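So the structure is just underneath, and the comments pick up after that.
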Amino acid sequence: MSLYYVRHGMTEWNKERKLQGNTDIPLNETGIQQAYETSKLFKNITIDKVYCSPLLRAKQTAEVICQNMDCEIVVEKRLAERCFGDLEGTNLEKNHVYLWSFDKLLCPHAEDLNDFFLRVQSFIKEIQEECKKKNILLVAHGGVYLPIHEVYHGLDRKKNLMSIVPGNCTVTKFE
């Protein structure tokens, strides 16, 4: 299976460095343009199935990328971004909190990081069985990339995981 992973395009909250999590923010004009540019990368690749997060920014990105593909977009709730609880909507530079610690709960109402990884990885294991000889496109979020990266390449959970989160509309291929 070849798995193509795309992080959603830019939103106003990305631009303002606000933490989005489960807050449902749409793409801005830059994000829409990024999705159009990313769609060109798939011009000569046959995608058999597309899965995306239920959050608007990922769905909009998937719709733009897939406009010339002959496949349906399946919304998969396990691809939703991690809930960052009371930190959602706050500025990343101002709150000075490390978001990816496995050792302690981030803040009230946040999703436990271990539970988040298990949620995403359960979906990946499921599609690895279902789609063995297919090209799959996933459109989701920066945080969702981390548990997928761990499945394919391993992950040192003690290192700064922010350093491997892809930019908006970046394409990563996993095999």
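Naming works like this for the structure tokens: A, B, ... for the chains as they're shown, residue 1 at the start of each chain, ligands 1 onward in shown order.
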
I want to know what sits within 10 Å of Lys158 in chain A, based on only C-alpha atoms, with residues of the same chain fewer than 3 positions away left out; could you give that as a PDB file with all heavy atoms, in the first residue's frame?
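selection_4.pdb was written with the following content:
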```pdb
ATOM      1  N   TRP A 100       2.961  17.996  23.104  1.00  0.00           N
ATOM      2  CA  TRP A 100       3.107  16.585  22.753  1.00  0.00           C
ATOM      3  C   TRP A 100       3.809  15.764  23.826  1.00  0.00           C
ATOM      4  O   TRP A 100       4.586  14.869  23.531  1.00  0.00           O
ATOM      5  CB  TRP A 100       3.828  16.466  21.404  1.00  0.00           C
ATOM      6  CG  TRP A 100       3.102  17.244  20.366  1.00  0.00           C
ATOM      7  CD1 TRP A 100       3.464  18.445  19.836  1.00  0.00           C
ATOM      8  CD2 TRP A 100       1.859  16.913  19.758  1.00  0.00           C
ATOM      9  NE1 TRP A 100       2.523  18.878  18.937  1.00  0.00           N
ATOM     10  CE2 TRP A 100       1.528  17.950  18.863  1.00  0.00           C
ATOM     11  CE3 TRP A 100       0.982  15.833  19.869  1.00  0.00           C
ATOM     12  CZ2 TRP A 100       0.363  17.951  18.099  1.00  0.00           C
ATOM     13  CZ3 TRP A 100      -0.174  15.834  19.111  1.00  0.00           C
ATOM     14  CH2 TRP A 100      -0.470  16.881  18.236  1.00  0.00           C
ATOM     15  N   SER A 101       3.497  15.993  25.086  1.00  0.00           N
ATOM     16  CA  SER A 101       4.062  15.210  26.177  1.00  0.00           C
ATOM     17  C   SER A 101       3.177  13.997  26.458  1.00  0.00           C
ATOM     18  O   SER A 101       1.969  14.127  26.647  1.00  0.00           O
ATOM     19  CB  SER A 101       4.177  16.056  27.446  1.00  0.00           C
ATOM     20  OG  SER A 101       4.589  15.248  28.522  1.00  0.00           O
ATOM     21  N   PHE A 102       3.791  12.828  26.500  1.00  0.00           N
ATOM     22  CA  PHE A 102       3.071  11.598  26.800  1.00  0.00           C
ATOM     23  C   PHE A 102       2.945  11.373  28.302  1.00  0.00           C
ATOM     24  O   PHE A 102       2.251  10.473  28.736  1.00  0.00           O
ATOM     25  CB  PHE A 102       3.788  10.398  26.162  1.00  0.00           C
ATOM     26  CG  PHE A 102       3.627  10.347  24.680  1.00  0.00           C
ATOM     27  CD1 PHE A 102       4.519  11.011  23.854  1.00  0.00           C
ATOM     28  CD2 PHE A 102       2.585   9.653  24.099  1.00  0.00           C
ATOM     29  CE1 PHE A 102       4.372  10.978  22.480  1.00  0.00           C
ATOM     30  CE2 PHE A 102       2.426   9.611  22.723  1.00  0.00           C
ATOM     31  CZ  PHE A 102       3.324  10.274  21.909  1.00  0.00           C
ATOM     32  N   ASP A 103       3.630  12.200  29.089  1.00  0.00           N
ATOM     33  CA  ASP A 103       3.719  11.961  30.526  1.00  0.00           C
ATOM     34  C   ASP A 103       2.652  12.649  31.368  1.00  0.00           C
ATOM     35  O   ASP A 103       2.425  12.263  32.505  1.00  0.00           O
ATOM     36  CB  ASP A 103       5.098  12.404  31.036  1.00  0.00           C
ATOM     37  CG  ASP A 103       6.218  11.639  30.362  1.00  0.00           C
ATOM     38  OD1 ASP A 103       6.010  10.459  30.022  1.00  0.00           O
ATOM     39  OD2 ASP A 103       7.290  12.229  30.147  1.00  0.00           O
ATOM     40  N   LEU A 155       9.218   6.555  16.229  1.00  0.00           N
ATOM     41  CA  LEU A 155       9.172   7.906  16.777  1.00  0.00           C
ATOM     42  C   LEU A 155       9.818   7.892  18.149  1.00  0.00           C
ATOM     43  O   LEU A 155       9.508   7.030  18.969  1.00  0.00           O
ATOM     44  CB  LEU A 155       7.703   8.328  16.895  1.00  0.00           C
ATOM     45  CG  LEU A 155       7.364   9.779  17.095  1.00  0.00           C
ATOM     46  CD1 LEU A 155       7.739  10.592  15.849  1.00  0.00           C
ATOM     47  CD2 LEU A 155       5.871   9.934  17.346  1.00  0.00           C
ATOM     48  N   LEU A 161       8.458  16.691  19.116  1.00  0.00           N
ATOM     49  CA  LEU A 161       7.687  16.201  17.982  1.00  0.00           C
ATOM     50  C   LEU A 161       7.248  17.318  17.040  1.00  0.00           C
ATOM     51  O   LEU A 161       6.965  17.065  15.868  1.00  0.00           O
ATOM     52  CB  LEU A 161       6.483  15.400  18.471  1.00  0.00           C
ATOM     53  CG  LEU A 161       6.804  14.181  19.339  1.00  0.00           C
ATOM     54  CD1 LEU A 161       5.535  13.414  19.678  1.00  0.00           C
ATOM     55  CD2 LEU A 161       7.817  13.269  18.661  1.00  0.00           C
TER      56      LEU A 161
END
```

Excluding His109 in chain A and its own-chain neighbours fewer than 3 positions away, which residues fall within 10 Å of it when counting only C-alpha atoms? Please give them as a PDB file with N, CA, C and O atoms, in the first residue's frame.
```pdb
ATOM      1  N   CYS A  83      -7.938  16.982  20.351  1.00  0.00           N
ATOM      2  CA  CYS A  83      -8.592  18.066  21.084  1.00  0.00           C
ATOM      3  C   CYS A  83      -7.588  18.636  22.080  1.00  0.00           C
ATOM      4  O   CYS A  83      -7.032  17.903  22.899  1.00  0.00           O
ATOM      5  N   PHE A  84      -7.330  19.935  21.975  1.00  0.00           N
ATOM      6  CA  PHE A  84      -6.383  20.594  22.870  1.00  0.00           C
ATOM      7  C   PHE A  84      -7.080  21.295  24.024  1.00  0.00           C
ATOM      8  O   PHE A  84      -6.480  22.123  24.719  1.00  0.00           O
ATOM      9  N   GLY A  85      -8.344  20.987  24.237  1.00  0.00           N
ATOM     10  CA  GLY A  85      -9.077  21.475  25.400  1.00  0.00           C
ATOM     11  C   GLY A  85      -9.078  22.992  25.520  1.00  0.00           C
ATOM     12  O   GLY A  85      -9.302  23.713  24.550  1.00  0.00           O
ATOM     13  N   ASP A  86      -8.790  23.457  26.727  1.00  0.00           N
ATOM     14  CA  ASP A  86      -8.860  24.886  27.026  1.00  0.00           C
ATOM     15  C   ASP A  86      -7.804  25.716  26.304  1.00  0.00           C
ATOM     16  O   ASP A  86      -7.863  26.948  26.328  1.00  0.00           O
ATOM     17  N   LEU A  87      -6.854  25.075  25.652  1.00  0.00           N
ATOM     18  CA  LEU A  87      -5.821  25.820  24.916  1.00  0.00           C
ATOM     19  C   LEU A  87      -6.250  26.188  23.503  1.00  0.00           C
ATOM     20  O   LEU A  87      -5.608  27.019  22.856  1.00  0.00           O
ATOM     21  N   LEU A 105      -1.253  15.155  31.335  1.00  0.00           N
ATOM     22  CA  LEU A 105      -2.376  15.738  30.616  1.00  0.00           C
ATOM     23  C   LEU A 105      -2.050  17.192  30.292  1.00  0.00           C
ATOM     24  O   LEU A 105      -1.546  17.930  31.143  1.00  0.00           O
ATOM     25  N   LEU A 106      -2.321  17.576  29.079  1.00  0.00           N
ATOM     26  CA  LEU A 106      -1.974  18.910  28.597  1.00  0.00           C
ATOM     27  C   LEU A 106      -2.673  20.011  29.380  1.00  0.00           C
ATOM     28  O   LEU A 106      -2.038  20.957  29.844  1.00  0.00           O
ATOM     29  N   ASP A 112      -6.138  12.939  25.898  1.00  0.00           N
ATOM     30  CA  ASP A 112      -4.895  12.313  26.323  1.00  0.00           C
ATOM     31  C   ASP A 112      -4.086  11.927  25.088  1.00  0.00           C
ATOM     32  O   ASP A 112      -4.626  11.368  24.131  1.00  0.00           O
TER      33      ASP A 112
END
```

Quiz item: Neighbours of Pro147 in chain A within 8 Å (only C-alpha atoms; same-chain residues fewer than 4 positions away dropped), as a PyMOL selection string?
Solution: chain A and resi 117-118+120-121+143+151

Practice problem: Please measure the separation of CA of Glu37 in chain A and CA of Ile164 in chain A, giving the value in Å to one decimal. | Solution: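 Separating CA of Glu37 in chain A from CA of Ile164 in chain A is a distance of 21.8 Å.
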
Quiz item: Which of these residues is nearest to Arg57 in chain A, using only C-alpha atoms: A:Ala80, A:Val74, A:Ile148, A:Met1?
Solution: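 Comparing A:Ala80, A:Val74, A:Ile148, A:Met1 against Arg57 in chain A, the winner is A:Ala80.
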
Show me, as a CSV table (one decimal) with C-alpha atoms, in the first residue's frame, the residues that have an atom within 6 Å of Gly31 in chain A when counting only C-alpha atoms, minus same-chain residues fewer than 3 positions from it.
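And here is the file that came out, part.csv:
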```csv
chain,number,residue,atom,x,y,z
A,9,GLY,CA,-4.2,24.1,3.8
A,10,MET,CA,-3.7,27.3,5.7
A,27,LEU,CA,-9.4,27.4,4.9
A,28,ASN,CA,-8.4,31.0,4.1
A,34,GLN,CA,-2.2,25.7,-1.5
```

Quiz item: Contacts of Glu175 in chain A at 9 Å or less, counting only C-alpha atoms, minus same-chain residues fewer than 2 places along, as a PyMOL selection string?
Solution: chain A and resi 1-4+152+173

Self-check item: Counting only C-alpha atoms, the residue of A:Cys66, A:Ile45, A:Ala58, A:Val171 that sits nearest Leu79 in chain A
Solution: A:Ala58

Quiz item: From the list A:Arg82, A:His8, A:Lys77, A:His153, which residue is nearest Thr23 in chain A when using only C-alpha atoms?
Solution: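 Looking only at the distances to Thr23 in chain A, the closest residue turns out to be A:Arg82.
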
Exercise. Write out as number ranges by chain all residues of range 85-118 of chain A that backbone DSSP assigns to alpha helix (DSSP H).
Key: A: 92-95, 113-118
